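J.: Got a structure for you, model_14.tsv, holding TSV, N, CA and C atoms.
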chain	number	residue	atom	x	y	z
A	194	MET	N	-37.04	162.68	162.40
A	194	MET	CA	-35.90	162.14	163.10
A	194	MET	C	-36.03	162.53	164.56
A	195	GLN	N	-35.77	161.58	165.40
A	195	GLN	CA	-35.80	161.85	166.84
A	195	GLN	C	-34.43	161.53	167.40
A	196	VAL	N	-33.88	162.43	168.19
A	196	VAL	CA	-32.56	162.25	168.77
A	196	VAL	C	-32.70	162.32	170.29
A	197	ASN	N	-32.27	161.26	170.93
A	197	ASN	CA	-32.26	161.23	172.39
A	197	ASN	C	-30.80	161.23	172.83
A	198	LEU	N	-30.43	162.17	173.67
A	198	LEU	CA	-29.05	162.31	174.10
A	198	LEU	C	-28.92	162.09	175.59
A	199	SER	N	-27.85	161.43	175.94
A	199	SER	CA	-27.48	161.29	177.33
A	199	SER	C	-25.98	161.53	177.38
A	200	PHE	N	-25.58	162.59	178.05
A	200	PHE	CA	-24.18	162.99	178.02
A	200	PHE	C	-23.78	163.45	179.41
A	201	ASP	N	-22.80	162.77	180.01
A	201	ASP	CA	-22.32	163.14	181.34
A	201	ASP	C	-21.17	164.12	181.17
A	202	THR	N	-21.42	165.37	181.45
A	202	THR	CA	-20.41	166.41	181.22
A	202	THR	C	-19.26	166.34	182.20
A	203	GLU	N	-19.44	165.65	183.30
A	203	GLU	CA	-18.36	165.55	184.30
A	203	GLU	C	-17.35	164.47	183.93
A	204	SER	N	-17.80	163.37	183.35
A	204	SER	CA	-16.88	162.26	183.09
A	204	SER	C	-16.40	162.20	181.63
A	205	GLU	N	-17.12	162.79	180.71
A	205	GLU	CA	-16.73	162.75	179.30
A	205	GLU	C	-15.63	163.75	179.01
A	206	LYS	N	-14.86	163.44	177.98
A	206	LYS	CA	-13.78	164.34	177.57
A	206	LYS	C	-14.36	165.56	176.86
A	207	VAL	N	-13.62	166.65	176.90
A	207	VAL	CA	-14.04	167.89	176.25
A	207	VAL	C	-14.14	167.69	174.74
A	208	ASP	N	-13.26	166.86	174.18
A	208	ASP	CA	-13.30	166.60	172.74
A	208	ASP	C	-14.62	165.95	172.33
A	209	ASN	N	-15.13	165.07	173.17
A	209	ASN	CA	-16.41	164.43	172.87
A	209	ASN	C	-17.55	165.45	172.91
A	210	LEU	N	-17.47	166.39	173.82
A	210	LEU	CA	-18.48	167.44	173.91
A	210	LEU	C	-18.42	168.32	172.67
A	211	LYS	N	-17.20	168.64	172.20
A	211	LYS	CA	-17.06	169.44	170.99
A	211	LYS	C	-17.62	168.71	169.77
A	212	LYS	N	-17.44	167.39	169.71
A	212	LYS	CA	-17.98	166.59	168.61
A	212	LYS	C	-19.51	166.61	168.65
A	213	LEU	N	-20.06	166.58	169.85
A	213	LEU	CA	-21.51	166.64	170.00
A	213	LEU	C	-22.05	167.97	169.50
A	214	VAL	N	-21.38	169.06	169.85
A	214	VAL	CA	-21.79	170.39	169.41
A	214	VAL	C	-21.72	170.47	167.88
A	215	GLU	N	-20.66	169.92	167.30
A	215	GLU	CA	-20.51	169.95	165.85
A	215	GLU	C	-21.62	169.14	165.17
A	216	ALA	N	-21.96	168.00	165.75
A	216	ALA	CA	-23.04	167.18	165.17
A	216	ALA	C	-24.37	167.92	165.24
A	217	LEU	N	-24.62	168.63	166.33
A	217	LEU	CA	-25.86	169.39	166.45
A	217	LEU	C	-25.89	170.56	165.47
A	218	GLU	N	-24.75	171.23	165.28
A	218	GLU	CA	-24.69	172.32	164.32
A	218	GLU	C	-24.94	171.81	162.90
A	219	GLN	N	-24.43	170.63	162.61
A	219	GLN	CA	-24.65	170.03	161.29
A	219	GLN	C	-26.13	169.70	161.10
A	220	LEU	N	-26.77	169.18	162.13
A	220	LEU	CA	-28.19	168.86	162.06
A	220	LEU	C	-29.02	170.13	161.86
A	221	ILE	N	-28.69	171.19	162.57
A	221	ILE	CA	-29.41	172.46	162.43
A	221	ILE	C	-29.24	173.02	161.03
A	222	ALA	N	-28.02	172.95	160.50
A	222	ALA	CA	-27.76	173.46	159.15
A	222	ALA	C	-28.56	172.69	158.11
A	223	SER	N	-28.65	171.38	158.27
A	223	SER	CA	-29.41	170.59	157.28
A	223	SER	C	-30.90	170.89	157.38
A	224	ARG	N	-31.40	171.16	158.57
A	224	ARG	CA	-32.82	171.49	158.73
A	224	ARG	C	-33.13	172.87	158.16
A	225	GLU	N	-32.17	173.78	158.22
A	225	GLU	CA	-32.36	175.13	157.68
A	225	GLU	C	-32.12	175.17	156.17
A	226	GLY	N	-31.64	174.08	155.61
A	226	GLY	CA	-31.44	174.01	154.17
A	226	GLY	C	-30.16	174.67	153.69
A	227	ARG	N	-29.17	174.75	154.54
A	227	ARG	CA	-27.90	175.34	154.12
A	227	ARG	C	-26.81	174.30	154.33
A	228	THR	N	-25.68	174.53	153.71
A	228	THR	CA	-24.57	173.58	153.83
A	228	THR	C	-23.79	173.89	155.09
A	229	TYR	N	-23.33	172.84	155.73
A	229	TYR	CA	-22.57	172.98	156.96
A	229	TYR	C	-21.09	173.02	156.62
A	230	GLN	N	-20.39	174.01	157.17
A	230	GLN	CA	-18.95	174.12	157.00
A	230	GLN	C	-18.31	174.00	158.37
A	231	PRO	N	-17.55	172.92	158.60
A	231	PRO	CA	-16.94	172.73	159.93
A	231	PRO	C	-16.05	173.90	160.31
A	232	GLY	N	-16.09	174.24	161.57
A	232	GLY	CA	-15.28	175.33	162.07
A	232	GLY	C	-15.93	176.69	161.96
A	233	GLN	N	-17.00	176.77	161.19
A	233	GLN	CA	-17.68	178.06	161.05
A	233	GLN	C	-18.67	178.21	162.19
A	234	LYS	N	-18.55	179.28	162.91
A	234	LYS	CA	-19.47	179.54	164.01
A	234	LYS	C	-20.80	180.01	163.45
A	235	THR	N	-21.86	179.42	163.92
A	235	THR	CA	-23.18	179.82	163.46
A	235	THR	C	-23.73	180.87	164.40
A	236	GLN	N	-24.39	181.84	163.82
A	236	GLN	CA	-25.02	182.89	164.62
A	236	GLN	C	-26.38	182.38	165.07
A	237	PRO	N	-26.68	182.49	166.35
A	237	PRO	CA	-28.01	182.06	166.80
A	237	PRO	C	-29.09	182.93	166.16
A	238	ALA	N	-30.19	182.29	165.86
A	238	ALA	CA	-31.30	183.02	165.25
A	238	ALA	C	-31.81	184.06	166.24
A	239	SER	N	-31.99	185.26	165.74
A	239	SER	CA	-32.47	186.31	166.63
A	239	SER	C	-33.94	186.06	166.94
A	240	VAL	N	-34.25	186.11	168.18
A	240	VAL	CA	-35.61	185.89	168.63
A	240	VAL	C	-36.24	187.25	168.86
A	241	ALA	N	-37.27	187.52	168.08
A	241	ALA	CA	-37.95	188.80	168.21
A	241	ALA	C	-38.78	188.80	169.49
A	242	ALA	N	-38.68	189.85	170.22
A	242	ALA	CA	-39.48	189.97	171.44
A	242	ALA	C	-40.94	190.12	171.05
A	243	PRO	N	-41.81	189.41	171.76
A	243	PRO	CA	-43.23	189.54	171.42
A	243	PRO	C	-43.71	190.96	171.62
A	244	ILE	N	-44.51	191.42	170.70
A	244	ILE	CA	-45.05	192.77	170.77
A	244	ILE	C	-46.19	192.78	171.77
A	245	GLU	N	-46.05	193.63	172.75
A	245	GLU	CA	-47.09	193.71	173.76
A	245	GLU	C	-48.23	194.57	173.24
A	246	GLN	N	-49.41	194.00	173.30
A	246	GLN	CA	-50.58	194.76	172.88
A	246	GLN	C	-51.11	195.52	174.08
A	247	LYS	N	-51.49	196.74	173.81
A	247	LYS	CA	-52.05	197.55	174.90
A	247	LYS	C	-53.45	197.04	175.21
A	248	ALA	N	-53.70	196.83	176.47
A	248	ALA	CA	-55.02	196.39	176.88
A	248	ALA	C	-56.00	197.54	176.75
A	249	ALA	N	-57.21	197.20	176.39
A	249	ALA	CA	-58.23	198.23	176.28
A	249	ALA	C	-58.46	198.83	177.66
A	250	PRO	N	-58.59	200.14	177.72
A	250	PRO	CA	-58.79	200.77	179.02
A	250	PRO	C	-60.15	200.36	179.61
A	251	ASP	N	-60.20	200.32	180.94
A	251	ASP	CA	-61.44	199.95	181.61
A	251	ASP	C	-62.46	201.08	181.60
A	252	LYS	N	-61.97	202.29	181.44
A	252	LYS	CA	-62.88	203.44	181.43
A	252	LYS	C	-62.48	204.40	180.31
A	253	THR	N	-63.45	205.11	179.80
A	253	THR	CA	-63.17	206.12	178.78
A	253	THR	C	-62.67	207.39	179.47
A	254	SER	N	-62.26	208.35	178.69
A	254	SER	CA	-61.78	209.60	179.28
A	254	SER	C	-62.90	210.32	180.02
A	255	GLY	N	-64.17	210.03	179.65
A	255	GLY	CA	-65.30	210.65	180.33
A	255	GLY	C	-65.71	209.92	181.59
A	256	GLY	N	-65.08	208.75	181.85
A	256	GLY	CA	-65.38	208.01	183.07
A	256	GLY	C	-66.35	206.86	182.89
A	257	CYS	N	-66.81	206.59	181.65
A	257	CYS	CA	-67.75	205.49	181.41
A	257	CYS	C	-67.00	204.15	181.32
A	258	ARG	N	-67.68	203.08	181.70
A	258	ARG	CA	-67.08	201.75	181.59
A	258	ARG	C	-67.01	201.32	180.13
A	259	VAL	N	-65.98	200.57	179.80
A	259	VAL	CA	-65.83	200.02	178.46
A	259	VAL	C	-66.17	198.54	178.53
A	260	ILE	N	-67.15	198.12	177.75
A	260	ILE	CA	-67.53	196.72	177.71
A	260	ILE	C	-67.01	196.15	176.40
A	261	PRO	N	-66.16	195.10	176.46
A	261	PRO	CA	-65.58	194.55	175.23
A	261	PRO	C	-66.66	193.94	174.34
A	262	TYR	N	-66.43	194.03	173.04
A	262	TYR	CA	-67.37	193.50	172.06
A	262	TYR	C	-67.40	191.99	172.13
A	263	GLU	N	-68.60	191.42	172.09
A	263	GLU	CA	-68.78	189.97	172.05
A	263	GLU	C	-69.87	189.69	171.03
A	264	ASP	N	-69.58	188.81	170.07
A	264	ASP	CA	-70.55	188.49	169.03
A	264	ASP	C	-71.67	187.65	169.63
A	265	MET	N	-72.86	188.18	169.64
A	265	MET	CA	-74.01	187.51	170.23
A	265	MET	C	-75.01	187.07	169.18
A	266	SER	N	-74.64	187.08	167.90
A	266	SER	CA	-75.60	186.78	166.85
A	266	SER	C	-76.16	185.37	166.97
A	267	GLY	N	-75.35	184.40	167.38
A	267	GLY	CA	-75.84	183.03	167.54
A	267	GLY	C	-76.85	182.92	168.67
A	268	LYS	N	-76.58	183.59	169.78
A	268	LYS	CA	-77.50	183.56	170.91
A	268	LYS	C	-78.79	184.29	170.59
A	269	MET	N	-78.66	185.40	169.88
A	269	MET	CA	-79.86	186.15	169.50
A	269	MET	C	-80.73	185.33	168.55
A	270	ALA	N	-80.11	184.59	167.65
A	270	ALA	CA	-80.88	183.76	166.72
A	270	ALA	C	-81.65	182.70	167.50
A	271	ASN	N	-81.04	182.12	168.52
A	271	ASN	CA	-81.74	181.13	169.34
A	271	ASN	C	-82.92	181.77	170.09
A	272	ILE	N	-82.73	182.95	170.62
A	272	ILE	CA	-83.80	183.62	171.34
A	272	ILE	C	-84.96	183.94	170.41
A	273	PHE	N	-84.66	184.49	169.24
A	273	PHE	CA	-85.71	184.88	168.32
A	273	PHE	C	-86.43	183.69	167.69
A	274	SER	N	-85.77	182.55	167.61
A	274	SER	CA	-86.40	181.37	167.01
A	274	SER	C	-87.26	180.62	168.03
A	275	GLY	N	-87.13	180.96	169.30
A	275	GLY	CA	-87.93	180.32	170.34
A	275	GLY	C	-87.28	179.09	170.91
A	276	ARG	N	-86.07	178.74	170.48
A	276	ARG	CA	-85.38	177.58	171.02
A	276	ARG	C	-84.83	177.89	172.40
A	277	ARG	N	-84.67	176.84	173.19
A	277	ARG	CA	-84.09	177.02	174.52
A	277	ARG	C	-82.58	177.21	174.39
A	278	ILE	N	-82.02	177.97	175.26
A	278	ILE	CA	-80.59	178.27	175.22
A	278	ILE	C	-79.83	177.22	175.97
What does this structure look like when you write it as structure tokens?
T.:
Amino acid sequence: MQVNLSFDTESEKVDNLKKLVEALEQLIASREGRTYQPGQKTQPASVAAPIEQKAAPDKTSGGCRVIPYEDMSGKMANIFSGRRI
């Protein structure tokens, strides 16, 4: 289903805006697989904050550079087989 809306909030009545909100809540409820009960306020789905992954340090505690792992098995196979890269 595709819904295209055009709604002028300045010229439309507040009742029409409330009807639009109710229609959208009903659509959301049907998509979530639950029954819609008019007048019941729906709680917005909590959005979990993305977990930040710690970046690998550029240097070890001893001061050496850290080079990230890269799988080179395909390139090595080409080199050992004599094919051009």
J.: Report the distance between CA of Arg227 in chain A and CA of Glu215 in chain A in Å, rounded to one decimal place.
T.: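 Between CA of Arg227 in chain A and CA of Glu215 in chain A the gap works out to 14.9 Å.
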J.: Just how far from CA of Gln195 in chain A is CA of Ala222 in chain A, in Å to one decimal?
T.: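 These atoms are spaced 16.1 Å apart.
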J.: Quick one: pull the distance between CA of Arg224 in chain A and CA of Thr202 in chain A, Å, one decimal.
T.: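 Between CA of Arg224 in chain A and CA of Thr202 in chain A the gap is 26.2 Å.
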J.: Counting only C-alpha atoms, what is within 12 Å of Phe200 in chain A, bar same-chain residues fewer than 6 positions away, as a PyMOL selection string?
T.: chain A and resi 206-207+209-214
J.: Step by step, gather every atom of range 253-268 of chain A that the file lists, find the box along x, y and z that holds them, add 3 Å on each side, and finally give centre and edge lengths in Å to one decimal, as lines of an AutoDock Vina configuration file.
T.:
center_x = -70.3
center_y = 196.8
center_z = 175.0
size_x = 23.0
size_y = 33.7
size_z = 22.2
